[in-house]
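> Got a structure for you, questions after.
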Number of protein chains: 4
Amino acid sequence: MIIMMNAPTRDQINRVLDKLRQLGLDGHSITSSDKTMITASGDLSACQPELYERMPGVDRVVIVETPYKLASREFQKKNTTVTVGKACFGGSRIPIIAGPCAIESYNQLYQTGVSVKAAGAAMLRGGAYKPRSSPYTFQGLEMEGLEIIKTVGRELGLPIVSEVTDPRKVGLIAEYVDMLQVGTRNMQNFVLLQEVALTKKPVLLKRGLAATIEEWLMAAEYIMAGGNNQVVLCERGIRTYETYTRNTLDLTAIPVVKHLSHLPVIADPSHGTGNWRWVSPMAKASVAAGADGLEIEVHPCPEEALSDGPQSLTPGNFSQLMSELKPLATALGRSL
Amino acid sequence: MIIMMNAPTRDQINRVLDKLRQLGLDGHSITSSDKTMITASGDLSACQPELYERMPGVDRVVIVETPYKLASREFQKKNTTVTVGKACFGGSRIPIIAGPCAIESYNQLYQTGVSVKAAGAAMLRGGAYKPRSSPYTFQGLEMEGLEIIKTVGRELGLPIVSEVTDPRKVGLIAEYVDMLQVGTRNMQNFVLLQEVALTKKPVLLKRGLAATIEEWLMAAEYIMAGGNNQVVLCERGIRTYETYTRNTLDLTAIPVVKHLSHLPVIADPSHGTGNWRWVSPMAKASVAAGADGLEIEVHPCPEEALSDGPQSLTPGNFSQLMSELKPLATALGRSL
Amino acid sequence: MIIMMNAPTRDQINRVLDKLRQLGLDGHSITSSDKTMITASGDLSACQPELYERMPGVDRVVIVETPYKLASREFQKKNTTVTVGKACFGGSRIPIIAGPCAIESYNQLYQTGVSVKAAGAAMLRGGAYKPRSSPYTFQGLEMEGLEIIKTVGRELGLPIVSEVTDPRKVGLIAEYVDMLQVGTRNMQNFVLLQEVALTKKPVLLKRGLAATIEEWLMAAEYIMAGGNNQVVLCERGIRTYETYTRNTLDLTAIPVVKHLSHLPVIADPSHGTGNWRWVSPMAKASVAAGADGLEIEVHPCPEEALSDGPQSLTPGNFSQLMSELKPLATALGRSL
Amino acid sequence: MIIMMNAPTRDQINRVLDKLRQLGLDGHSITSSDKTMITASGDLSACQPELYERMPGVDRVVIVETPYKLASREFQKKNTTVTVGKACFGGSRIPIIAGPCAIESYNQLYQTGVSVKAAGAAMLRGGAYKPRSSPYTFQGLEMEGLEIIKTVGRELGLPIVSEVTDPRKVGLIAEYVDMLQVGTRNMQNFVLLQEVALTKKPVLLKRGLAATIEEWLMAAEYIMAGGNNQVVLCERGIRTYETYTRNTLDLTAIPVVKHLSHLPVIADPSHGTGNWRWVSPMAKASVAAGADGLEIEVHPCPEEALSDGPQSLTPGNFSQLMSELKPLATALGRSL
């Protein structure tokens, strides 16, 4: 932490240094013409700009430390791998998670599961509890959906992932699925993150719609600080001024996260673009950027989907994409 | 809803018209050169672009209807007023809510309450459950904080507002406070909105950090659809590329919301700017833009605040601001 | 400037200190556990992060100095006032600039000029050269427009402002108008800024569509470094994800700019909102936020305007707004 | 164009239909409950919302037509190829443009040119006129830089590209270089675009820092409407709230542009990320997303670069990247 002071008195400098000392931090001051900079180091949690910014003479406080620890590459050099059934995220393979946005019926999910498995998907996704912007649209089959996905997953031998939205239901859902998904709107639902931590289940943590990379890693830190380090991050597009696409898929976040953190990071080109037309090129781009996996929406009949149909691939499109991804992964020294 | 088709066949047009008819919508098509537009009207909930966008021949679907109903000015022409104790939002008076970001002790809150009441504040705020980006920072006094704010509110005769973050605790908190605040990170926590609806208590619904005005009104719709129409909206700044200020206070949202909706809308210049220096000018600007109230952070000693100190006014600054707001309100034909 | 090093060797630290010394900067290093921070001070222009960021051992470089000088409040404490005929920006009065987006004819401009003058406007605006997103839309009357605005300005005794877009025409336009406007798309057209500097005419410098406050002040610095310190800044809305309004008027920029700089700053609620409905409330909010003036689009018949009709006030609306602004200015201790 | 009317009178509907007729447009109205929609089709340039939005009874106007024509895939189905010396953009090959941000000396550019040519680059870049945010930083060698790049290009047999910033110098620069670059800050400098059109030279048109895809294509339309259809588009990152990276590289824009337009589109991962660490992964991601070329900054000694050093690759890094791109291109059915 660096505290910038503008023409401070000797007394003002001493007040800041005293405060640092009280909080167990190590402070040094350097004065040059009428500016003084105080550098402070020590325990992370005492480095809160708000404790210093209002002190007399202080101009501003710049945090230069990383605010997360467990999620940081500095804390753990080696890549974390997260294993969900036969799928392993963070190694040389690139598992593909596929399935519909929402579970609509046993037939719909079974049919999708069969086709995505045949094409090479490593996991099946499907939403039973859907957070929707409008109270008047389909909110998911709830418990019935969980029963369906559990059955289909077992029948096809595919590990399954589904979203949690309510802290009261996390424990229950954890009994049904192999991996818990925390959606973009809940990335900073800290109450939910704490419940998810308690389950010790693998977690797929989507980036918030307007979250910085740092806030995203802080959300992972919440889960890890709660005792669960089985976290896979998922870039799914951020909100920008561009309206032609639903979101702006921030693929640079992938190498950045891999540099800052040891956690695996995958991409969701379906939500990231919002339109099936851009899913295949952006799936390939994600893999080339270094993604440790993909999550892709597939629906047997997108024009009848109850949720997010326009961004779903047909089984045929998905199969075509998988056949294009394979040589790409090989060229990158990885495999699906 | 308007469905744009590009060089469709007669059969493709008929498929769209049939689908509209099945869903009870009224469709008309117009063809001009190789473009066909189909207009559809009828029940709101059937107007989902995803049902049409993937149909053959369809180029894109434009929703022209308002997706919220109960919150809309079309549904209710007359302004809603929300009364919390002696404070009334949505009429000619402009109630000011003041207090610390977080409740730290009885003394801190009582001292703040006395000074803001003396300066003319109509309500007292204070957080007992604080959603914080880092798991390592102060998260609030929780139950102890609720006891404190309830006591102070009663002693000073000020109605109180505090934030809810956990659906499991909404009922309990509703027994302590006069108004429930839904924070920016929870604006689309639909599970929480549904619980808040059940309490029938007045709700202060902050705009999400990157929420559109439409999404914000949809969040209000969730609460209203759950049977609680006592909703006060609060503009608190949005996330933009500008980093000099913590957020960008979008004051145009105030006249826009008052045009689109009958609900009262207030502003929070403390979070909206993130720095006490800009709070007073932006408080005045908010009132001039038509705000139905203000929420302002006041702390007896900002440099010792455990949360958001840099954006808190001192009691002296707050008192000065109130004395400047009064003639301004008068010039606008309103009063504090 | 602060240079952060991660576990550097003694030699790496020395290389950085040597480089600073070569460039005439004063460097000090502080090491704490495995981090070293080097603070550097001295001549602004040598503080370029790019010179240090790639050096071995350097993690990142943080600039803490203000990159502008002439425009800075540190350089000049006293407010600058810019006088254009009888209008004076930066003092206690708040001059209102009004007129059509584009000059369409003598009659249109004269009619507008008479009505805005009667309502109390201090200056007349009108575009002769219009930068338009489409090559197929009206681009302005060019020379004929300049002749018209010069004539109307003289007849009505109103100082005039018009936009420059081409460095080859700056000198010519400067002979016709009292103030040169640099539009939002040209804020970083450095070639144009240099030409505008040479004229020594007052300049109205609009904020770029996605410019930070710092970049905006740097653009002012270009003009001032070229020998022209008659710069009035104009906040006109920034680009954000919100699409309901054309732009997001960033009114907090007004007190921020007045804190950082001695230059006057005004607001343009017409472009800032893009819709006449929000112009009046946001004009009032701008004044309450501390704006030193306003620029407002007025057209005798907005529905026939060749450019930006939807955001233009009618003469009647404008006159009504002026009558509401007067008591507001008084309540703020200022006058129109 | 669709004109939405809210509870209009018969007379108001007729006024709109009459206006459409006057402007040569074909209008049809459909009324359903209290809403009327009027669809209008015909000549593009008459479809200006501003002509209708202020008419009585009109609620809003939605443009559904594409505002560009020459740049549109509807106008020309077949891909355009742009040939610059031996480099061809828009075919199956993927030419790589490499070189320093700014030309600093003959030796610097020659050394860079030799190494990038050896690694397989198809063109050499280098800036002689640099638009810089600060008036106090290096602005380029200007004429001397042009002489250097012309000489080096001829000696190495590499076609060259350099940036134009001043309409007065476009003709001169066109005599020195094989391709003119229009930088991000000048994408909507329409005066400059018109000059560039007159040269008939190939143009590299960078996307504006906060430009929508539509505005970018409109800028290409300006050049094409001026008689020059040799336009290559370049995605170089947009401005978002994320500050960890300098810009957010919007790779989805690549498949989107290829869908909307027949023009070639390349990517600049150097400016797009702002840090050499992310250049290689994002170069690969760009190619996987379908880019028709890349522009990459290479400097023989990035830590001594006078401009944009932190984002420059060393010749060694560049050579490594090229060897990784080759198998990737092959896997995608293309070649460098």
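Simple scheme: letters A, B, ... for chains in structure tokens order, numbers from 1 for residues in each chain, numbers from 1 for ligands in the order shown.
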Going by DSSP on the backbone, which bits of segment 134-312 of chain C are helix (DSSP H, G or I)? Write them as an mmCIF file with N, CA and C atoms, in the first residue's frame, please.

data_model
loop_
_atom_site.group_PDB
_atom_site.id
_atom_site.type_symbol
_atom_site.label_atom_id
_atom_site.label_comp_id
_atom_site.auth_asym_id
_atom_site.auth_seq_id
_atom_site.Cartn_x
_atom_site.Cartn_y
_atom_site.Cartn_z
ATOM 1 N N MET C 143 -19.445 26.950 -45.744
ATOM 2 C CA MET C 143 -19.188 28.396 -45.806
ATOM 3 C C MET C 143 -20.469 29.218 -45.712
ATOM 4 N N GLU C 144 -21.502 28.746 -46.374
ATOM 5 C CA GLU C 144 -22.767 29.493 -46.340
ATOM 6 C C GLU C 144 -23.280 29.572 -44.899
ATOM 7 N N GLY C 145 -23.099 28.495 -44.158
ATOM 8 C CA GLY C 145 -23.510 28.468 -42.752
ATOM 9 C C GLY C 145 -22.727 29.466 -41.919
ATOM 10 N N LEU C 146 -21.433 29.555 -42.193
ATOM 11 C CA LEU C 146 -20.599 30.509 -41.444
ATOM 12 C C LEU C 146 -21.057 31.945 -41.689
ATOM 13 N N GLU C 147 -21.370 32.247 -42.950
ATOM 14 C CA GLU C 147 -21.851 33.596 -43.281
ATOM 15 C C GLU C 147 -23.147 33.888 -42.520
ATOM 16 N N ILE C 148 -24.026 32.894 -42.486
ATOM 17 C CA ILE C 148 -25.316 33.086 -41.799
ATOM 18 C C ILE C 148 -25.104 33.341 -40.317
ATOM 19 N N ILE C 149 -24.287 32.515 -39.660
ATOM 20 C CA ILE C 149 -24.166 32.674 -38.208
ATOM 21 C C ILE C 149 -23.453 33.979 -37.872
ATOM 22 N N LYS C 150 -22.503 34.372 -38.712
ATOM 23 C CA LYS C 150 -21.812 35.635 -38.456
ATOM 24 C C LYS C 150 -22.813 36.795 -38.543
ATOM 25 N N THR C 151 -23.632 36.745 -39.578
ATOM 26 C CA THR C 151 -24.628 37.803 -39.781
ATOM 27 C C THR C 151 -25.621 37.848 -38.621
ATOM 28 N N VAL C 152 -26.166 36.681 -38.280
ATOM 29 C CA VAL C 152 -27.180 36.642 -37.226
ATOM 30 C C VAL C 152 -26.579 37.080 -35.892
ATOM 31 N N GLY C 153 -25.361 36.638 -35.606
ATOM 32 C CA GLY C 153 -24.696 37.027 -34.361
ATOM 33 C C GLY C 153 -24.571 38.540 -34.269
ATOM 34 N N ARG C 154 -24.144 39.149 -35.395
ATOM 35 C CA ARG C 154 -23.956 40.604 -35.390
ATOM 36 C C ARG C 154 -25.307 41.316 -35.226
ATOM 37 N N GLU C 155 -26.307 40.842 -35.957
ATOM 38 C CA GLU C 155 -27.635 41.496 -35.885
ATOM 39 C C GLU C 155 -28.225 41.440 -34.481
ATOM 40 N N LEU C 156 -27.991 40.334 -33.793
ATOM 41 C CA LEU C 156 -28.612 40.173 -32.476
ATOM 42 C C LEU C 156 -27.679 40.561 -31.332
ATOM 43 N N PRO C 167 -8.270 20.749 -39.858
ATOM 44 C CA PRO C 167 -7.193 21.689 -39.519
ATOM 45 C C PRO C 167 -6.961 22.729 -40.610
ATOM 46 N N ARG C 168 -7.292 22.405 -41.862
ATOM 47 C CA ARG C 168 -7.074 23.349 -42.969
ATOM 48 C C ARG C 168 -8.047 24.519 -42.922
ATOM 49 N N LYS C 169 -9.144 24.356 -42.153
ATOM 50 C CA LYS C 169 -10.171 25.415 -42.160
ATOM 51 C C LYS C 169 -10.244 26.172 -40.846
ATOM 52 N N VAL C 170 -9.386 25.821 -39.887
ATOM 53 C CA VAL C 170 -9.475 26.462 -38.566
ATOM 54 C C VAL C 170 -9.257 27.967 -38.658
ATOM 55 N N GLY C 171 -8.228 28.376 -39.419
ATOM 56 C CA GLY C 171 -7.911 29.798 -39.521
ATOM 57 C C GLY C 171 -9.074 30.574 -40.115
ATOM 58 N N LEU C 172 -9.664 30.014 -41.161
ATOM 59 C CA LEU C 172 -10.793 30.664 -41.823
ATOM 60 C C LEU C 172 -11.991 30.790 -40.878
ATOM 61 N N ILE C 173 -12.337 29.710 -40.215
ATOM 62 C CA ILE C 173 -13.504 29.722 -39.336
ATOM 63 C C ILE C 173 -13.275 30.705 -38.180
ATOM 64 N N ALA C 174 -12.014 30.788 -37.728
ATOM 65 C CA ALA C 174 -11.698 31.706 -36.627
ATOM 66 C C ALA C 174 -11.993 33.154 -36.989
ATOM 67 N N GLU C 175 -12.035 33.452 -38.294
ATOM 68 C CA GLU C 175 -12.364 34.828 -38.695
ATOM 69 C C GLU C 175 -13.861 35.094 -38.610
ATOM 70 N N TYR C 176 -14.651 34.040 -38.579
ATOM 71 C CA TYR C 176 -16.107 34.211 -38.578
ATOM 72 C C TYR C 176 -16.720 34.173 -37.177
ATOM 73 N N THR C 184 -16.734 16.173 -29.799
ATOM 74 C CA THR C 184 -16.376 14.978 -29.029
ATOM 75 C C THR C 184 -15.500 14.026 -29.823
ATOM 76 N N ARG C 185 -15.751 13.880 -31.127
ATOM 77 C CA ARG C 185 -14.971 12.943 -31.941
ATOM 78 C C ARG C 185 -13.562 13.467 -32.212
ATOM 79 N N ASN C 186 -13.355 14.751 -32.003
ATOM 80 C CA ASN C 186 -12.051 15.346 -32.293
ATOM 81 C C ASN C 186 -11.255 15.702 -31.049
ATOM 82 N N PHE C 190 -5.103 15.533 -32.408
ATOM 83 C CA PHE C 190 -4.067 16.433 -31.900
ATOM 84 C C PHE C 190 -3.654 17.470 -32.925
ATOM 85 N N VAL C 191 -3.723 17.096 -34.203
ATOM 86 C CA VAL C 191 -3.406 18.020 -35.285
ATOM 87 C C VAL C 191 -4.376 19.209 -35.244
ATOM 88 N N LEU C 192 -5.641 18.899 -35.004
ATOM 89 C CA LEU C 192 -6.647 19.960 -34.924
ATOM 90 C C LEU C 192 -6.427 20.819 -33.673
ATOM 91 N N LEU C 193 -6.110 20.176 -32.565
ATOM 92 C CA LEU C 193 -5.888 20.927 -31.311
ATOM 93 C C LEU C 193 -4.739 21.919 -31.487
ATOM 94 N N GLN C 194 -3.699 21.488 -32.206
ATOM 95 C CA GLN C 194 -2.559 22.379 -32.413
ATOM 96 C C GLN C 194 -2.941 23.600 -33.252
ATOM 97 N N GLU C 195 -3.802 23.386 -34.257
ATOM 98 C CA GLU C 195 -4.249 24.512 -35.086
ATOM 99 C C GLU C 195 -5.108 25.477 -34.270
ATOM 100 N N VAL C 196 -5.968 24.895 -33.444
ATOM 101 C CA VAL C 196 -6.858 25.704 -32.616
ATOM 102 C C VAL C 196 -6.035 26.542 -31.637
ATOM 103 N N ALA C 197 -4.945 25.965 -31.157
ATOM 104 C CA ALA C 197 -4.077 26.694 -30.230
ATOM 105 C C ALA C 197 -3.522 27.951 -30.900
ATOM 106 N N LEU C 198 -3.159 27.819 -32.177
ATOM 107 C CA LEU C 198 -2.531 28.939 -32.889
ATOM 108 C C LEU C 198 -3.448 30.145 -33.047
ATOM 109 N N THR C 199 -4.761 29.917 -33.078
ATOM 110 C CA THR C 199 -5.690 31.027 -33.328
ATOM 111 C C THR C 199 -5.811 31.979 -32.155
ATOM 112 N N ILE C 213 -11.430 11.595 -17.612
ATOM 113 C CA ILE C 213 -11.234 12.988 -17.206
ATOM 114 C C ILE C 213 -9.782 13.378 -17.442
ATOM 115 N N GLU C 214 -8.869 12.454 -17.177
ATOM 116 C CA GLU C 214 -7.455 12.760 -17.369
ATOM 117 C C GLU C 214 -7.118 13.013 -18.846
ATOM 118 N N GLU C 215 -7.669 12.185 -19.735
ATOM 119 C CA GLU C 215 -7.416 12.404 -21.166
ATOM 120 C C GLU C 215 -7.987 13.730 -21.643
ATOM 121 N N TRP C 216 -9.120 14.097 -21.066
ATOM 122 C CA TRP C 216 -9.779 15.361 -21.428
ATOM 123 C C TRP C 216 -8.889 16.544 -21.011
ATOM 124 N N LEU C 217 -8.358 16.477 -19.807
ATOM 125 C CA LEU C 217 -7.473 17.540 -19.353
ATOM 126 C C LEU C 217 -6.167 17.536 -20.148
ATOM 127 N N MET C 218 -5.724 16.360 -20.598
ATOM 128 C CA MET C 218 -4.534 16.297 -21.457
ATOM 129 C C MET C 218 -4.809 16.964 -22.803
ATOM 130 N N ALA C 219 -6.029 16.837 -23.307
ATOM 131 C CA ALA C 219 -6.377 17.500 -24.569
ATOM 132 C C ALA C 219 -6.355 19.019 -24.369
ATOM 133 N N ALA C 220 -6.837 19.479 -23.218
ATOM 134 C CA ALA C 220 -6.753 20.913 -22.905
ATOM 135 C C ALA C 220 -5.280 21.336 -22.824
ATOM 136 N N GLU C 221 -4.466 20.453 -22.247
ATOM 137 C CA GLU C 221 -3.037 20.740 -22.121
ATOM 138 C C GLU C 221 -2.395 20.957 -23.499
ATOM 139 N N TYR C 222 -2.825 20.164 -24.503
ATOM 140 C CA TYR C 222 -2.318 20.346 -25.870
ATOM 141 C C TYR C 222 -2.573 21.775 -26.356
ATOM 142 N N ILE C 223 -3.778 22.251 -26.123
ATOM 143 C CA ILE C 223 -4.128 23.598 -26.588
ATOM 144 C C ILE C 223 -3.329 24.638 -25.807
ATOM 145 N N MET C 224 -3.217 24.430 -24.503
ATOM 146 C CA MET C 224 -2.503 25.389 -23.667
ATOM 147 C C MET C 224 -0.999 25.359 -23.960
ATOM 148 N N ALA C 225 -0.480 24.155 -24.181
ATOM 149 C CA ALA C 225 0.951 24.047 -24.502
ATOM 150 C C ALA C 225 1.243 24.725 -25.839
ATOM 151 N N ALA C 253 -18.205 14.644 -13.134
ATOM 152 C CA ALA C 253 -17.011 15.208 -13.773
ATOM 153 C C ALA C 253 -16.903 16.713 -13.515
ATOM 154 N N ILE C 254 -18.030 17.376 -13.285
ATOM 155 C CA ILE C 254 -17.974 18.830 -13.088
ATOM 156 C C ILE C 254 -17.232 19.190 -11.800
ATOM 157 N N PRO C 255 -17.687 18.725 -10.622
ATOM 158 C CA PRO C 255 -16.865 19.052 -9.443
ATOM 159 C C PRO C 255 -15.461 18.461 -9.507
ATOM 160 N N VAL C 256 -15.298 17.310 -10.137
ATOM 161 C CA VAL C 256 -13.950 16.728 -10.228
ATOM 162 C C VAL C 256 -13.028 17.648 -11.035
ATOM 163 N N VAL C 257 -13.494 18.085 -12.205
ATOM 164 C CA VAL C 257 -12.662 18.962 -13.037
ATOM 165 C C VAL C 257 -12.362 20.270 -12.309
ATOM 166 N N LYS C 258 -13.337 20.805 -11.597
ATOM 167 C CA LYS C 258 -13.092 22.066 -10.887
ATOM 168 C C LYS C 258 -12.071 21.870 -9.751
ATOM 169 N N HIS C 259 -11.980 20.656 -9.251
ATOM 170 C CA HIS C 259 -10.993 20.360 -8.211
ATOM 171 C C HIS C 259 -9.593 20.196 -8.827
ATOM 172 N N LEU C 260 -9.535 19.524 -9.968
ATOM 173 C CA LEU C 260 -8.234 19.217 -10.575
ATOM 174 C C LEU C 260 -7.663 20.368 -11.390
ATOM 175 N N PRO C 269 -26.493 19.220 -21.834
ATOM 176 C CA PRO C 269 -27.484 18.177 -21.538
ATOM 177 C C PRO C 269 -28.221 17.693 -22.781
ATOM 178 N N SER C 270 -28.074 18.373 -23.912
ATOM 179 C CA SER C 270 -28.763 17.930 -25.130
ATOM 180 C C SER C 270 -28.096 16.672 -25.670
ATOM 181 N N HIS C 271 -26.787 16.755 -25.961
ATOM 182 C CA HIS C 271 -26.083 15.545 -26.390
ATOM 183 C C HIS C 271 -25.950 14.562 -25.238
ATOM 184 N N GLY C 272 -25.840 15.090 -24.038
ATOM 185 C CA GLY C 272 -25.623 14.234 -22.876
ATOM 186 C C GLY C 272 -26.753 13.255 -22.633
ATOM 187 N N THR C 273 -27.955 13.607 -23.108
ATOM 188 C CA THR C 273 -29.098 12.711 -22.887
ATOM 189 C C THR C 273 -29.674 12.218 -24.217
ATOM 190 N N TRP C 276 -35.050 15.398 -25.816
ATOM 191 C CA TRP C 276 -35.492 16.676 -25.245
ATOM 192 C C TRP C 276 -36.156 16.512 -23.880
ATOM 193 N N ARG C 277 -36.799 15.348 -23.631
ATOM 194 C CA ARG C 277 -37.512 15.165 -22.369
ATOM 195 C C ARG C 277 -36.605 15.306 -21.154
ATOM 196 N N TRP C 278 -35.330 14.902 -21.310
ATOM 197 C CA TRP C 278 -34.428 14.890 -20.144
ATOM 198 C C TRP C 278 -33.553 16.142 -20.099
ATOM 199 N N VAL C 279 -33.704 17.025 -21.112
ATOM 200 C CA VAL C 279 -32.801 18.184 -21.167
ATOM 201 C C VAL C 279 -33.042 19.137 -19.999
ATOM 202 N N SER C 280 -34.297 19.447 -19.708
ATOM 203 C CA SER C 280 -34.551 20.419 -18.642
ATOM 204 C C SER C 280 -34.116 19.907 -17.267
ATOM 205 N N PRO C 281 -34.530 18.697 -16.840
ATOM 206 C CA PRO C 281 -34.033 18.256 -15.529
ATOM 207 C C PRO C 281 -32.512 18.176 -15.460
ATOM 208 N N MET C 282 -31.869 17.755 -16.554
ATOM 209 C CA MET C 282 -30.414 17.614 -16.493
ATOM 210 C C MET C 282 -29.713 18.966 -16.613
ATOM 211 N N ALA C 283 -30.342 19.935 -17.245
ATOM 212 C CA ALA C 283 -29.779 21.294 -17.241
ATOM 213 C C ALA C 283 -29.758 21.825 -15.806
ATOM 214 N N LYS C 284 -30.848 21.592 -15.089
ATOM 215 C CA LYS C 284 -30.904 22.046 -13.688
ATOM 216 C C LYS C 284 -29.882 21.293 -12.841
ATOM 217 N N ALA C 285 -29.788 19.986 -13.056
ATOM 218 C CA ALA C 285 -28.824 19.194 -12.291
ATOM 219 C C ALA C 285 -27.401 19.661 -12.560
ATOM 220 N N SER C 286 -27.114 20.024 -13.812
ATOM 221 C CA SER C 286 -25.765 20.490 -14.166
ATOM 222 C C SER C 286 -25.414 21.754 -13.391
ATOM 223 N N VAL C 287 -26.361 22.668 -13.351
ATOM 224 C CA VAL C 287 -26.128 23.923 -12.633
ATOM 225 C C VAL C 287 -25.934 23.644 -11.144
ATOM 226 N N ALA C 288 -26.739 22.749 -10.591
ATOM 227 C CA ALA C 288 -26.592 22.415 -9.175
ATOM 228 C C ALA C 288 -25.267 21.716 -8.889
ATOM 229 N N ALA C 289 -24.743 20.995 -9.881
ATOM 230 C CA ALA C 289 -23.451 20.323 -9.700
ATOM 231 C C ALA C 289 -22.290 21.292 -9.793
ATOM 232 N N PRO C 302 -38.397 21.327 -34.034
ATOM 233 C CA PRO C 302 -37.528 20.145 -33.919
ATOM 234 C C PRO C 302 -37.896 19.007 -34.848
ATOM 235 N N GLU C 303 -39.184 18.847 -35.134
ATOM 236 C CA GLU C 303 -39.529 17.682 -35.956
ATOM 237 C C GLU C 303 -39.112 17.850 -37.417
ATOM 238 N N GLU C 304 -38.645 19.057 -37.772
ATOM 239 C CA GLU C 304 -38.139 19.243 -39.130
ATOM 240 C C GLU C 304 -36.621 19.448 -39.167
ATOM 241 N N GLY C 309 -32.792 16.492 -34.186
ATOM 242 C CA GLY C 309 -34.083 17.048 -33.779
ATOM 243 C C GLY C 309 -34.605 16.508 -32.454
ATOM 244 N N PRO C 310 -34.501 15.211 -32.208
ATOM 245 C CA PRO C 310 -35.140 14.657 -31.007
ATOM 246 C C PRO C 310 -34.608 15.236 -29.711
ATOM 247 N N GLN C 311 -33.394 15.777 -29.739
ATOM 248 C CA GLN C 311 -32.852 16.299 -28.495
ATOM 249 C C GLN C 311 -32.978 17.817 -28.395
#
> Hey, list the chain B side of the contact with chain D: 12 Å cut-off, only C-alpha atoms, answer as a VMD selection string.
chain B and resid 1 to 7 25 to 43 59 to 65 74 209 to 210 238 to 244 246 to 248
> Just to confirm, what's the straight-line distance from atom CA of Leu109 of chain A to atom CA of Arg93 of chain A in Å (one decimal)?
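Pair atom CA of Leu109 of chain A / atom CA of Arg93 of chain A returns 25.3 Å.
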> Which polymer residues have any atom within 6 Å of an atom of Gly126 of chain B, counting only C-alpha atoms, with same-chain residues fewer than 2 positions away left out, as a ChimeraX atom specification?
/B:99-103,162
> How far is it from atom CA of Ala128 of chain C to atom CA of Asn228 of chain D, in Å with one decimal?
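Separation between atom CA of Ala128 of chain C and atom CA of Asn228 of chain D: 26.5 Å.
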> Need to verify the contact set: Phe318 of chain D, 9 Å, only C-alpha atoms, exclusion of same-chain residues closer than 2 positions in sequence. Can you return it as number ranges by chain?
D: 98, 115-116, 119, 280, 296-298, 313-316, 320-323
> Tell me which of D:Thr83, D:Thr245, D:Gln108, D:Asn275 sits closest to Pro159 of chain D, counting only C-alpha atoms.
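When distances to Pro159 of chain D are compared using only C-alpha atoms, the smallest one comes from D:Thr83.
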> Considering only strand (DSSP E) as DSSP defines it on the backbone, what residues of segment 88-197 of chain A qualify? List them as a ChimeraX atom specification.
/A:88-89,96-99,123-125,160-164,179-182
